[in-house]
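**Q** Got a structure for you, upload.cif, holding mmCIF, C-alpha atoms, pLDDT in the B column; chains and numbers go by the auth columns.
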```cif
data_target
#
loop_
_atom_site.group_PDB
_atom_site.id
_atom_site.type_symbol
_atom_site.label_atom_id
_atom_site.label_comp_id
_atom_site.label_asym_id
_atom_site.label_seq_id
_atom_site.Cartn_x
_atom_site.Cartn_y
_atom_site.Cartn_z
_atom_site.B_iso_or_equiv
_atom_site.auth_seq_id
_atom_site.auth_asym_id
ATOM 1 C CA LYS A 1 -10.190 -100.665 149.328 86.00 774 Y
ATOM 2 C CA GLN A 2 -13.901 -101.216 148.759 91.00 775 Y
ATOM 3 C CA GLU A 3 -14.919 -102.416 145.313 94.00 776 Y
ATOM 4 C CA VAL A 4 -18.502 -102.700 144.121 96.00 777 Y
ATOM 5 C CA THR A 5 -19.535 -104.864 141.179 97.00 778 Y
ATOM 6 C CA GLN A 6 -22.893 -105.078 139.451 97.00 779 Y
ATOM 7 C CA ILE A 7 -23.932 -107.947 137.253 92.00 780 Y
ATOM 8 C CA PRO A 8 -25.233 -107.998 134.602 91.00 781 Y
ATOM 9 C CA ALA A 9 -24.058 -104.799 132.920 93.00 782 Y
ATOM 10 C CA ALA A 10 -27.201 -104.782 130.793 95.00 783 Y
ATOM 11 C CA LEU A 11 -30.518 -106.593 130.941 95.00 784 Y
ATOM 12 C CA SER A 12 -33.501 -106.630 128.596 96.00 785 Y
ATOM 13 C CA VAL A 13 -36.788 -108.263 129.600 96.00 786 Y
ATOM 14 C CA PRO A 14 -40.407 -108.176 128.412 96.00 787 Y
ATOM 15 C CA GLU A 15 -42.932 -106.109 130.288 97.00 788 Y
ATOM 16 C CA GLY A 16 -44.581 -107.780 133.254 97.00 789 Y
ATOM 17 C CA GLU A 17 -41.675 -109.965 134.290 96.00 790 Y
ATOM 18 C CA ASN A 18 -40.183 -109.981 137.747 97.00 791 Y
ATOM 19 C CA LEU A 19 -36.441 -109.409 137.763 95.00 792 Y
ATOM 20 C CA VAL A 20 -33.423 -109.259 140.045 96.00 793 Y
ATOM 21 C CA LEU A 21 -30.394 -106.994 139.831 97.00 794 Y
ATOM 22 C CA ASN A 22 -27.247 -107.974 141.682 97.00 795 Y
ATOM 23 C CA CYS A 23 -24.640 -106.002 143.562 98.00 796 Y
ATOM 24 C CA SER A 24 -21.564 -107.358 145.338 98.00 797 Y
ATOM 25 C CA PHE A 25 -18.986 -105.608 147.482 97.00 798 Y
ATOM 26 C CA THR A 26 -15.581 -106.720 148.722 96.00 799 Y
ATOM 27 C CA ASP A 27 -15.507 -105.260 152.253 92.00 800 Y
ATOM 28 C CA SER A 28 -18.408 -106.389 154.415 91.00 801 Y
ATOM 29 C CA ALA A 29 -17.784 -103.669 157.022 90.00 802 Y
ATOM 30 C CA ILE A 30 -20.342 -101.308 155.558 91.00 803 Y
ATOM 31 C CA TYR A 31 -22.549 -98.720 157.228 89.00 804 Y
ATOM 32 C CA ASN A 32 -25.301 -98.763 154.626 90.00 805 Y
ATOM 33 C CA LEU A 33 -26.084 -99.567 151.009 94.00 806 Y
ATOM 34 C CA GLN A 34 -28.132 -97.451 148.653 94.00 807 Y
ATOM 35 C CA TRP A 35 -29.808 -98.253 145.328 96.00 808 Y
ATOM 36 C CA PHE A 36 -30.194 -95.453 142.784 96.00 809 Y
ATOM 37 C CA ARG A 37 -31.908 -95.059 139.454 96.00 810 Y
ATOM 38 C CA GLN A 38 -30.393 -92.956 136.669 94.00 811 Y
ATOM 39 C CA ASP A 39 -32.333 -91.947 133.574 92.00 812 Y
ATOM 40 C CA PRO A 40 -30.431 -90.854 130.441 85.00 813 Y
ATOM 41 C CA GLY A 41 -29.109 -87.331 130.835 78.00 814 Y
ATOM 42 C CA LYS A 42 -30.393 -87.096 134.372 81.00 815 Y
ATOM 43 C CA GLY A 43 -28.970 -87.249 137.857 86.00 816 Y
ATOM 44 C CA LEU A 44 -29.408 -90.068 140.334 91.00 817 Y
ATOM 45 C CA THR A 45 -32.658 -90.745 142.149 92.00 818 Y
ATOM 46 C CA SER A 46 -32.432 -92.638 145.420 91.00 819 Y
ATOM 47 C CA LEU A 47 -34.680 -95.703 145.474 95.00 820 Y
ATOM 48 C CA LEU A 48 -33.876 -97.537 148.688 94.00 821 Y
ATOM 49 C CA LEU A 49 -31.372 -97.215 151.511 92.00 822 Y
ATOM 50 C CA ILE A 50 -30.583 -100.230 153.697 93.00 823 Y
ATOM 51 C CA GLN A 51 -28.748 -99.766 156.966 91.00 824 Y
ATOM 52 C CA SER A 52 -26.175 -102.428 157.864 91.00 825 Y
ATOM 53 C CA SER A 53 -28.450 -103.712 160.636 92.00 826 Y
ATOM 54 C CA GLN A 54 -31.319 -104.302 158.200 94.00 827 Y
ATOM 55 C CA ARG A 55 -31.926 -107.241 155.896 95.00 828 Y
ATOM 56 C CA GLU A 56 -34.291 -105.620 153.424 95.00 829 Y
ATOM 57 C CA GLN A 57 -36.247 -102.537 152.448 96.00 830 Y
ATOM 58 C CA THR A 58 -39.367 -102.251 150.324 97.00 831 Y
ATOM 59 C CA SER A 59 -40.892 -99.430 148.334 96.00 832 Y
ATOM 60 C CA GLY A 60 -43.830 -100.208 146.104 97.00 833 Y
ATOM 61 C CA ARG A 61 -42.762 -102.784 143.531 97.00 834 Y
ATOM 62 C CA LEU A 62 -39.132 -102.599 144.645 97.00 835 Y
ATOM 63 C CA ASN A 63 -37.500 -104.753 147.284 98.00 836 Y
ATOM 64 C CA ALA A 64 -33.832 -104.563 148.194 97.00 837 Y
ATOM 65 C CA SER A 65 -32.080 -107.151 150.322 97.00 838 Y
ATOM 66 C CA LEU A 66 -28.714 -107.047 152.046 97.00 839 Y
ATOM 67 C CA ASP A 67 -26.463 -109.909 153.109 96.00 840 Y
ATOM 68 C CA LYS A 68 -23.438 -108.268 154.649 93.00 841 Y
ATOM 69 C CA SER A 69 -21.601 -111.458 155.459 92.00 842 Y
ATOM 70 C CA SER A 70 -21.544 -112.556 151.842 95.00 843 Y
ATOM 71 C CA GLY A 71 -21.080 -109.021 150.493 96.00 844 Y
ATOM 72 C CA ARG A 72 -24.225 -109.070 148.376 97.00 845 Y
ATOM 73 C CA SER A 73 -27.343 -107.051 147.750 98.00 846 Y
ATOM 74 C CA THR A 74 -30.181 -107.634 145.337 97.00 847 Y
ATOM 75 C CA LEU A 75 -32.817 -105.311 143.940 97.00 848 Y
ATOM 76 C CA TYR A 76 -36.043 -107.104 143.067 97.00 849 Y
ATOM 77 C CA ILE A 77 -38.466 -105.393 140.696 97.00 850 Y
ATOM 78 C CA ALA A 78 -41.927 -106.894 140.501 98.00 851 Y
ATOM 79 C CA ALA A 79 -44.217 -106.693 137.471 97.00 852 Y
ATOM 80 C CA SER A 80 -41.775 -104.631 135.419 97.00 853 Y
ATOM 81 C CA GLN A 81 -43.047 -101.742 133.284 97.00 854 Y
ATOM 82 C CA PRO A 82 -41.479 -99.834 130.358 96.00 855 Y
ATOM 83 C CA GLY A 83 -41.100 -96.852 132.705 96.00 856 Y
ATOM 84 C CA ASP A 84 -38.673 -98.907 134.772 97.00 857 Y
ATOM 85 C CA SER A 85 -36.144 -98.703 131.941 97.00 858 Y
ATOM 86 C CA ALA A 86 -33.080 -96.919 133.330 97.00 859 Y
ATOM 87 C CA THR A 87 -29.631 -97.597 134.738 96.00 860 Y
ATOM 88 C CA TYR A 88 -29.649 -98.914 138.296 98.00 861 Y
ATOM 89 C CA LEU A 89 -26.658 -98.220 140.523 97.00 862 Y
ATOM 90 C CA CYS A 90 -25.791 -99.540 143.938 97.00 863 Y
ATOM 91 C CA ALA A 91 -23.439 -97.742 146.303 95.00 864 Y
ATOM 92 C CA VAL A 92 -21.991 -98.647 149.688 94.00 865 Y
ATOM 93 C CA ARG A 93 -20.734 -96.509 152.520 89.00 866 Y
ATOM 94 C CA GLY A 94 -18.101 -98.032 154.789 84.00 867 Y
ATOM 95 C CA GLN A 95 -18.154 -97.755 158.553 78.00 868 Y
ATOM 96 C CA GLY A 96 -16.405 -94.553 159.503 71.00 869 Y
ATOM 97 C CA ALA A 97 -16.231 -93.488 155.860 66.00 870 Y
ATOM 98 C CA GLN A 98 -18.299 -90.692 154.479 69.00 871 Y
ATOM 99 C CA LYS A 99 -18.116 -91.310 150.776 79.00 872 Y
ATOM 100 C CA LEU A 100 -20.206 -93.636 148.667 88.00 873 Y
ATOM 101 C CA VAL A 101 -18.463 -96.213 146.493 93.00 874 Y
ATOM 102 C CA PHE A 102 -20.537 -96.999 143.417 95.00 875 Y
ATOM 103 C CA GLY A 103 -20.844 -99.986 141.152 96.00 876 Y
ATOM 104 C CA GLN A 104 -20.793 -99.451 137.415 96.00 877 Y
ATOM 105 C CA GLY A 105 -24.532 -99.943 137.083 96.00 878 Y
ATOM 106 C CA THR A 106 -26.955 -102.253 135.291 97.00 879 Y
ATOM 107 C CA ARG A 107 -28.704 -100.820 132.248 96.00 880 Y
ATOM 108 C CA LEU A 108 -32.252 -102.180 132.286 97.00 881 Y
ATOM 109 C CA THR A 109 -34.597 -102.178 129.297 97.00 882 Y
ATOM 110 C CA ILE A 110 -38.221 -103.250 129.661 97.00 883 Y
ATOM 111 C CA ASN A 111 -39.771 -104.092 126.301 95.00 884 Y
ATOM 112 C CA PRO A 112 -43.505 -103.421 125.806 92.00 885 Y
ATOM 113 C CA GLU B 1 -38.662 -78.765 148.502 62.00 35 W
ATOM 114 C CA ALA B 2 -36.332 -77.653 145.718 80.00 36 W
ATOM 115 C CA GLY B 3 -33.705 -80.164 144.684 91.00 37 W
ATOM 116 C CA VAL B 4 -30.011 -79.769 143.978 95.00 38 W
ATOM 117 C CA ALA B 5 -29.450 -77.300 141.153 96.00 39 W
ATOM 118 C CA GLN B 6 -26.538 -77.414 138.732 96.00 40 W
ATOM 119 C CA SER B 7 -25.465 -75.304 135.788 96.00 41 W
ATOM 120 C CA PRO B 8 -24.676 -75.413 133.006 96.00 42 W
ATOM 121 C CA ARG B 9 -26.313 -78.663 131.945 95.00 43 W
ATOM 122 C CA TYR B 10 -23.982 -79.123 128.984 96.00 44 W
ATOM 123 C CA LYS B 11 -20.565 -77.744 128.091 97.00 45 W
ATOM 124 C CA ILE B 12 -18.279 -78.356 125.120 98.00 46 W
ATOM 125 C CA ILE B 13 -14.716 -77.031 125.233 97.00 47 W
ATOM 126 C CA GLU B 14 -11.392 -77.562 123.526 97.00 48 W
ATOM 127 C CA LYS B 15 -8.593 -79.300 125.402 96.00 49 W
ATOM 128 C CA ARG B 16 -6.411 -76.959 127.438 96.00 50 W
ATOM 129 C CA GLN B 17 -9.331 -74.586 127.976 97.00 51 W
ATOM 130 C CA SER B 18 -10.786 -73.955 131.399 97.00 52 W
ATOM 131 C CA VAL B 19 -14.336 -74.589 132.594 98.00 53 W
ATOM 132 C CA ALA B 20 -16.365 -74.056 135.749 98.00 54 W
ATOM 133 C CA PHE B 21 -19.464 -75.750 137.087 97.00 55 W
ATOM 134 C CA TRP B 22 -21.874 -74.415 139.690 97.00 56 W
ATOM 135 C CA CYS B 23 -23.961 -76.235 142.286 97.00 57 W
ATOM 136 C CA ASN B 24 -26.637 -75.060 144.696 96.00 58 W
ATOM 137 C CA PRO B 25 -27.509 -77.746 147.272 95.00 59 W
ATOM 138 C CA ILE B 26 -30.806 -78.341 148.996 94.00 60 W
ATOM 139 C CA SER B 27 -31.474 -75.621 151.564 92.00 61 W
ATOM 140 C CA GLY B 28 -30.096 -76.546 154.970 90.00 62 W
ATOM 141 C CA HIS B 29 -27.833 -79.321 153.724 92.00 63 W
ATOM 142 C CA ALA B 30 -24.433 -78.939 155.311 90.00 64 W
ATOM 143 C CA THR B 31 -22.605 -81.537 153.249 91.00 65 W
ATOM 144 C CA LEU B 32 -21.894 -81.150 149.537 94.00 66 W
ATOM 145 C CA TYR B 33 -20.257 -83.634 147.180 94.00 67 W
ATOM 146 C CA TRP B 34 -18.859 -83.435 143.668 97.00 68 W
ATOM 147 C CA TYR B 35 -18.708 -86.673 141.662 96.00 69 W
ATOM 148 C CA GLN B 36 -17.268 -87.471 138.239 97.00 70 W
ATOM 149 C CA GLN B 37 -19.113 -90.069 136.172 95.00 71 W
ATOM 150 C CA ILE B 38 -17.359 -91.316 133.059 95.00 72 W
ATOM 151 C CA LEU B 39 -19.562 -92.980 130.463 91.00 73 W
ATOM 152 C CA GLY B 40 -20.361 -96.564 131.437 88.00 74 W
ATOM 153 C CA GLN B 41 -19.020 -96.211 134.963 91.00 75 W
ATOM 154 C CA GLY B 42 -20.436 -95.383 138.358 92.00 76 W
ATOM 155 C CA PRO B 43 -19.845 -91.951 139.895 94.00 77 W
ATOM 156 C CA LYS B 44 -16.510 -91.359 141.618 94.00 78 W
ATOM 157 C CA LEU B 45 -16.225 -88.883 144.477 94.00 79 W
ATOM 158 C CA LEU B 46 -13.946 -85.945 143.691 96.00 80 W
ATOM 159 C CA ILE B 47 -14.432 -83.780 146.757 95.00 81 W
ATOM 160 C CA GLN B 48 -16.663 -83.523 149.823 93.00 82 W
ATOM 161 C CA PHE B 49 -17.380 -80.335 151.775 93.00 83 W
ATOM 162 C CA GLN B 50 -18.766 -80.003 155.258 90.00 84 W
ATOM 163 C CA ASN B 51 -20.103 -76.444 155.351 88.00 85 W
ATOM 164 C CA ASN B 52 -17.174 -74.587 153.742 86.00 86 W
ATOM 165 C CA GLY B 53 -14.429 -76.991 154.816 91.00 87 W
ATOM 166 C CA VAL B 54 -12.997 -79.865 152.786 92.00 88 W
ATOM 167 C CA VAL B 55 -13.568 -83.313 154.294 89.00 89 W
ATOM 168 C CA ASP B 56 -12.209 -85.522 151.513 90.00 90 W
ATOM 169 C CA ASP B 57 -10.425 -84.538 148.312 94.00 91 W
ATOM 170 C CA SER B 58 -8.249 -87.616 147.999 91.00 92 W
ATOM 171 C CA GLN B 59 -9.434 -88.391 144.465 92.00 93 W
ATOM 172 C CA LEU B 60 -9.368 -84.819 143.148 96.00 94 W
ATOM 173 C CA PRO B 61 -6.634 -84.265 140.509 95.00 95 W
ATOM 174 C CA LYS B 62 -5.341 -81.184 142.234 95.00 96 W
ATOM 175 C CA ASP B 63 -2.973 -80.196 139.448 95.00 97 W
ATOM 176 C CA ARG B 64 -5.961 -79.238 137.298 97.00 98 W
ATOM 177 C CA PHE B 65 -9.119 -79.435 139.390 97.00 99 W
ATOM 178 C CA SER B 66 -10.156 -77.034 142.126 97.00 100 W
ATOM 179 C CA ALA B 67 -13.345 -76.531 144.092 97.00 101 W
ATOM 180 C CA GLU B 68 -14.632 -74.092 146.628 95.00 102 W
ATOM 181 C CA ARG B 69 -17.652 -73.511 148.806 94.00 103 W
ATOM 182 C CA LEU B 70 -16.949 -70.079 150.204 81.00 104 W
ATOM 183 C CA LYS B 71 -20.103 -69.372 152.225 85.00 105 W
ATOM 184 C CA GLY B 72 -21.014 -72.954 152.986 83.00 106 W
ATOM 185 C CA VAL B 73 -23.855 -72.977 150.471 91.00 107 W
ATOM 186 C CA ASP B 74 -23.123 -72.807 146.713 95.00 108 W
ATOM 187 C CA SER B 75 -20.071 -74.498 145.275 97.00 109 W
ATOM 188 C CA THR B 76 -18.011 -74.242 142.104 97.00 110 W
ATOM 189 C CA LEU B 77 -15.806 -76.894 140.526 98.00 111 W
ATOM 190 C CA LYS B 78 -13.148 -75.726 138.070 98.00 112 W
ATOM 191 C CA ILE B 79 -10.953 -77.565 135.604 98.00 113 W
ATOM 192 C CA GLN B 80 -7.900 -75.787 134.227 97.00 114 W
ATOM 193 C CA PRO B 81 -6.571 -76.883 131.787 96.00 115 W
ATOM 194 C CA ALA B 82 -8.996 -79.532 130.597 97.00 116 W
ATOM 195 C CA LYS B 83 -7.863 -82.833 129.074 97.00 117 W
ATOM 196 C CA LEU B 84 -9.717 -85.199 126.778 97.00 118 W
ATOM 197 C CA GLU B 85 -10.127 -87.695 129.622 96.00 119 W
ATOM 198 C CA ASP B 86 -12.071 -85.118 131.637 97.00 120 W
ATOM 199 C CA SER B 87 -15.083 -85.706 129.391 97.00 121 W
ATOM 200 C CA ALA B 88 -17.718 -86.931 131.823 96.00 122 W
ATOM 201 C CA VAL B 89 -20.852 -85.977 133.718 96.00 123 W
ATOM 202 C CA TYR B 90 -20.125 -83.966 136.845 97.00 124 W
ATOM 203 C CA LEU B 91 -22.691 -84.594 139.537 96.00 125 W
ATOM 204 C CA CYS B 92 -23.295 -82.540 142.634 96.00 126 W
ATOM 205 C CA ALA B 93 -25.025 -84.032 145.664 94.00 127 W
ATOM 206 C CA SER B 94 -25.913 -82.838 149.120 92.00 128 W
ATOM 207 C CA SER B 95 -26.921 -84.362 152.431 89.00 129 W
ATOM 208 C CA LEU B 96 -28.326 -82.969 155.625 87.00 130 W
ATOM 209 C CA ALA B 97 -25.401 -83.980 157.795 76.00 131 W
ATOM 210 C CA PRO B 98 -21.965 -85.466 157.234 65.00 132 W
ATOM 211 C CA GLY B 99 -21.401 -89.100 156.587 59.00 133 W
ATOM 212 C CA PHE B 100 -24.407 -91.170 157.043 60.00 134 W
ATOM 213 C CA ASN B 101 -27.432 -89.429 155.687 71.00 135 W
ATOM 214 C CA GLU B 102 -29.038 -90.033 152.321 80.00 136 W
ATOM 215 C CA GLN B 103 -27.472 -88.093 149.458 86.00 137 W
ATOM 216 C CA PHE B 104 -29.609 -86.201 146.955 89.00 138 W
ATOM 217 C CA PHE B 105 -28.218 -85.631 143.479 92.00 139 W
ATOM 218 C CA GLY B 106 -28.545 -82.833 140.966 94.00 140 W
ATOM 219 C CA PRO B 107 -29.100 -83.402 137.214 93.00 141 W
ATOM 220 C CA GLY B 108 -25.385 -83.123 136.428 95.00 142 W
ATOM 221 C CA THR B 109 -23.287 -81.215 133.925 96.00 143 W
ATOM 222 C CA ARG B 110 -22.192 -83.120 130.838 96.00 144 W
ATOM 223 C CA LEU B 111 -18.713 -81.979 129.781 97.00 145 W
ATOM 224 C CA THR B 112 -17.253 -82.808 126.383 97.00 146 W
ATOM 225 C CA VAL B 113 -13.597 -81.980 125.800 97.00 147 W
ATOM 226 C CA LEU B 114 -12.572 -81.959 122.119 97.00 148 W
#
```
Take the structure in this file and express it as structure tokens.

**A**
Amino acid sequence: KQEVTQIPAALSVPEGENLVLNCSFTDSAIYNLQWFRQDPGKGLTSLLLIQSSQREQTSGRLNASLDKSSGRSTLYIAASQPGDSATYLCAVRGQGAQKLVFGQGTRLTINP
Amino acid sequence: EAGVAQSPRYKIIEKRQSVAFWCNPISGHATLYWYQQILGQGPKLLIQFQNNGVVDDSQLPKDRFSAERLKGVDSTLKIQPAKLEDSAVYLCASSLAPGFNEQFFGPGTRLTVL
């Protein structure tokens, strides 16, 4: 059974800092991994999707990496801004499986 | 392109009452998902539809939860009777094709059971 863990559960940093969010998964036989952002009272917004054959994906100030063999992914946020404050969730889809398995999220606060 | 629509946005009920949630996926998306997200946790899949057929309902508490997608478009999720532990956000998502395409989420319905 796939399990996804995100550390830390909460993170608070001053504006302008670069930061890394971590995601680990127990079964390396994944099809893809997706990072989402969730604002309070809102649904999930997809940030980046990495296929199992890829090592990283970039979108603006965001960079996500994937190391399947070690069961890890990181989300790098450059030059953080107060608008980046949200909960960040990672989710994996197993090979042959159709459902996403989510981590519990990291609640990020960027202080002005 | 319109996103995934859900209603109501908020619902407060007493335990043992029934409640229903509605979801309208993105036009043309064949696959529809219902997730339950308890406070402080990641979403958990309850049920997945491919058109109007059920693909996965292994984590749906079938003694009290039911869902349907009669015409392969809109879907409803019902809880009857509700328990305190059903308090959560219920998220609907859709994807273009089964399995491996990106999922797009609606804003969710926040349910409070008193």

**Q** Which residues of region 61-94 of chain W come within 12 Å of region 111-124 of chain W, and what is each one's closest atom pair and distance in Å (one decimal), counting only C-alpha atoms, sorted by chain and residue number, as a tab-separated table?

**A**
```
residue	atom	partner	partner_atom	distance
W:Leu66	CA	W:Leu111	CA	11.7
W:Tyr67	CA	W:Tyr124	CA	10.3
W:Trp68	CA	W:Tyr124	CA	7.0
W:Tyr69	CA	W:Tyr124	CA	5.7
W:Gln70	CA	W:Tyr124	CA	4.7
W:Gln71	CA	W:Val123	CA	5.1
W:Ile72	CA	W:Ala122	CA	4.6
W:Leu73	CA	W:Ala122	CA	6.5
W:Gly74	CA	W:Ala122	CA	10.0
W:Gln75	CA	W:Ala122	CA	9.9
W:Gly76	CA	W:Val123	CA	10.5
W:Pro77	CA	W:Tyr124	CA	8.6
W:Lys78	CA	W:Tyr124	CA	9.5
W:Leu79	CA	W:Tyr124	CA	9.9
W:Leu80	CA	W:Tyr124	CA	9.4
W:Ile81	CA	W:Leu111	CA	9.4
W:Gln82	CA	W:Leu111	CA	11.5
W:Phe83	CA	W:Leu111	CA	11.9
W:Leu94	CA	W:Leu111	CA	10.5
```

**Q** So that I have them on file, write out the residues from the current selection with C-alpha atoms, as a JSON list (two decimals), in the coordinates of the input.

**A**
```
[["chain", "number", "residue", "atom", "x", "y", "z"],
["W", 66, "LEU", "CA", -21.89, -81.15, 149.54],
["W", 67, "TYR", "CA", -20.26, -83.63, 147.18],
["W", 68, "TRP", "CA", -18.86, -83.44, 143.67],
["W", 69, "TYR", "CA", -18.71, -86.67, 141.66],
["W", 70, "GLN", "CA", -17.27, -87.47, 138.24],
["W", 71, "GLN", "CA", -19.11, -90.07, 136.17],
["W", 72, "ILE", "CA", -17.36, -91.32, 133.06],
["W", 73, "LEU", "CA", -19.56, -92.98, 130.46],
["W", 74, "GLY", "CA", -20.36, -96.56, 131.44],
["W", 75, "GLN", "CA", -19.02, -96.21, 134.96],
["W", 76, "GLY", "CA", -20.44, -95.38, 138.36],
["W", 77, "PRO", "CA", -19.84, -91.95, 139.90],
["W", 78, "LYS", "CA", -16.51, -91.36, 141.62],
["W", 79, "LEU", "CA", -16.23, -88.88, 144.48],
["W", 80, "LEU", "CA", -13.95, -85.94, 143.69],
["W", 81, "ILE", "CA", -14.43, -83.78, 146.76],
["W", 82, "GLN", "CA", -16.66, -83.52, 149.82],
["W", 83, "PHE", "CA", -17.38, -80.33, 151.78],
["W", 94, "LEU", "CA", -9.37, -84.82, 143.15]]
```

**Q** Report as a list in words the full result of the PyMOL selection byres ((chain W and resi 43) around 9) when it is applied to this structure.

**A** Gln40, Ser41, Pro42, Tyr44, Lys45, Pro141, Gly142, Thr143, Arg144 and Leu145 of chain W

**Q** Taking only C-alpha atoms into account, find every residue of chain Y that has an atom no more than 10 Å from chain W, and write it out as JSON, numbers by chain.

**A** {"Y": [777, 778, 782, 804, 805, 807, 811, 812, 814, 815, 816, 817, 818, 819, 821, 822, 824, 860, 861, 862, 863, 864, 866, 867, 868, 869, 870, 871, 872, 873, 874, 875, 876, 877, 878, 879, 880]}

**Q** Please produce a file of the residues just selected, as a tab-separated table (two decimals), in the frame of the given file, where the atoms kept are C-alpha atoms.

**A**
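And here's again09.tsv as it stands now:
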```tsv
chain	number	residue	atom	x	y	z
Y	777	VAL	CA	-18.50	-102.70	144.12
Y	778	THR	CA	-19.54	-104.86	141.18
Y	782	ALA	CA	-24.06	-104.80	132.92
Y	804	TYR	CA	-22.55	-98.72	157.23
Y	805	ASN	CA	-25.30	-98.76	154.63
Y	807	GLN	CA	-28.13	-97.45	148.65
Y	811	GLN	CA	-30.39	-92.96	136.67
Y	812	ASP	CA	-32.33	-91.95	133.57
Y	814	GLY	CA	-29.11	-87.33	130.84
Y	815	LYS	CA	-30.39	-87.10	134.37
Y	816	GLY	CA	-28.97	-87.25	137.86
Y	817	LEU	CA	-29.41	-90.07	140.33
Y	818	THR	CA	-32.66	-90.74	142.15
Y	819	SER	CA	-32.43	-92.64	145.42
Y	821	LEU	CA	-33.88	-97.54	148.69
Y	822	LEU	CA	-31.37	-97.22	151.51
Y	824	GLN	CA	-28.75	-99.77	156.97
Y	860	THR	CA	-29.63	-97.60	134.74
Y	861	TYR	CA	-29.65	-98.91	138.30
Y	862	LEU	CA	-26.66	-98.22	140.52
Y	863	CYS	CA	-25.79	-99.54	143.94
Y	864	ALA	CA	-23.44	-97.74	146.30
Y	866	ARG	CA	-20.73	-96.51	152.52
Y	867	GLY	CA	-18.10	-98.03	154.79
Y	868	GLN	CA	-18.15	-97.76	158.55
Y	869	GLY	CA	-16.40	-94.55	159.50
Y	870	ALA	CA	-16.23	-93.49	155.86
Y	871	GLN	CA	-18.30	-90.69	154.48
Y	872	LYS	CA	-18.12	-91.31	150.78
Y	873	LEU	CA	-20.21	-93.64	148.67
Y	874	VAL	CA	-18.46	-96.21	146.49
Y	875	PHE	CA	-20.54	-97.00	143.42
Y	876	GLY	CA	-20.84	-99.99	141.15
Y	877	GLN	CA	-20.79	-99.45	137.42
Y	878	GLY	CA	-24.53	-99.94	137.08
Y	879	THR	CA	-26.96	-102.25	135.29
Y	880	ARG	CA	-28.70	-100.82	132.25
```

**Q** Taking the file as shown, find all residues satisfying the PyMOL selection byres ((chain W and resi 58) around 6) and write them as JSON, numbers by chain.

**A** {"W": [38, 39, 57, 59, 108]}

**Q** Selected by the PyMOL selection byres ((chain W and resi 86) around 8) in the shown coordinates: which residues, as a list in words?

**A** Phe83, Gln84, Asn85, Gly87, Val88, Glu102, Arg103, Leu104, Lys105, Gly106 and Val107 of chain W

**Q** Rank nothing, just name the residue among Y:Gly856, Y:Ala802, Y:Val793, Y:Asn884 nearest to Leu835 (chain Y), using all atoms listed in the file.

**A**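 Once distances to Leu835 (chain Y) are computed over all atoms listed in the file, the minimum belongs to Y:Val793.
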
**Q** Would you mind reading off the distance between CA of Ser842 (chain Y) and CA of Val865 (chain Y), one decimal, in Å?

**A**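 Between these atoms lies a distance of 14.1 Å.
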
**Q** Can you pull out the residues contacting Pro885 (chain Y)? Cut-off 8 Å, using only C-alpha atoms, and skip same-chain residues under 5 positions away; I want them as JSON, numbers by chain.

**A** {"Y": [787, 788, 854, 855]}

**Q** So how many Å separate CA of Ala851 (chain Y) and CA of Gly833 (chain Y), to one decimal?

**A**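 Answer for the CA of Ala851 (chain Y) to CA of Gly833 (chain Y) separation: 8.9 Å.
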
**Q** Taking 5 positions as the minimum chain separation for residues in the same chain, which residues sit within 7 Å of Ser846 (chain Y) when counting only C-alpha atoms? Answer as a list in words.

**A**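 Answer for this query is Asn795, Cys796, Ser797, Ala837, Ser838, Leu839 and Asp840 of chain Y.
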
**Q** Quick check, in Å to one decimal: how far apart do CA of Leu881 (chain Y) and CA of Asn836 (chain Y) lie?

**A**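 Atom-to-atom, CA of Leu881 (chain Y) and CA of Asn836 (chain Y) are spaced 16.1 Å apart.
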
**Q** Hey, which of W:Ser128, W:Ile46, W:Ser100, W:Ser109 ends up closest to Ile60 (chain W)? Count all atoms listed in the file.

**A** W:Ser128

**Q** Around region 828-831 of chain Y, with edges along x, y and z and 4 Å added on all six sides, what centre and edge lengths do you get, in Å to one decimal, as lines of an AutoDock Vina configuration file?

**A**
```
center_x = -35.6
center_y = -104.7
center_z = 153.1
size_x = 15.4
size_y = 13.0
size_z = 13.6
```
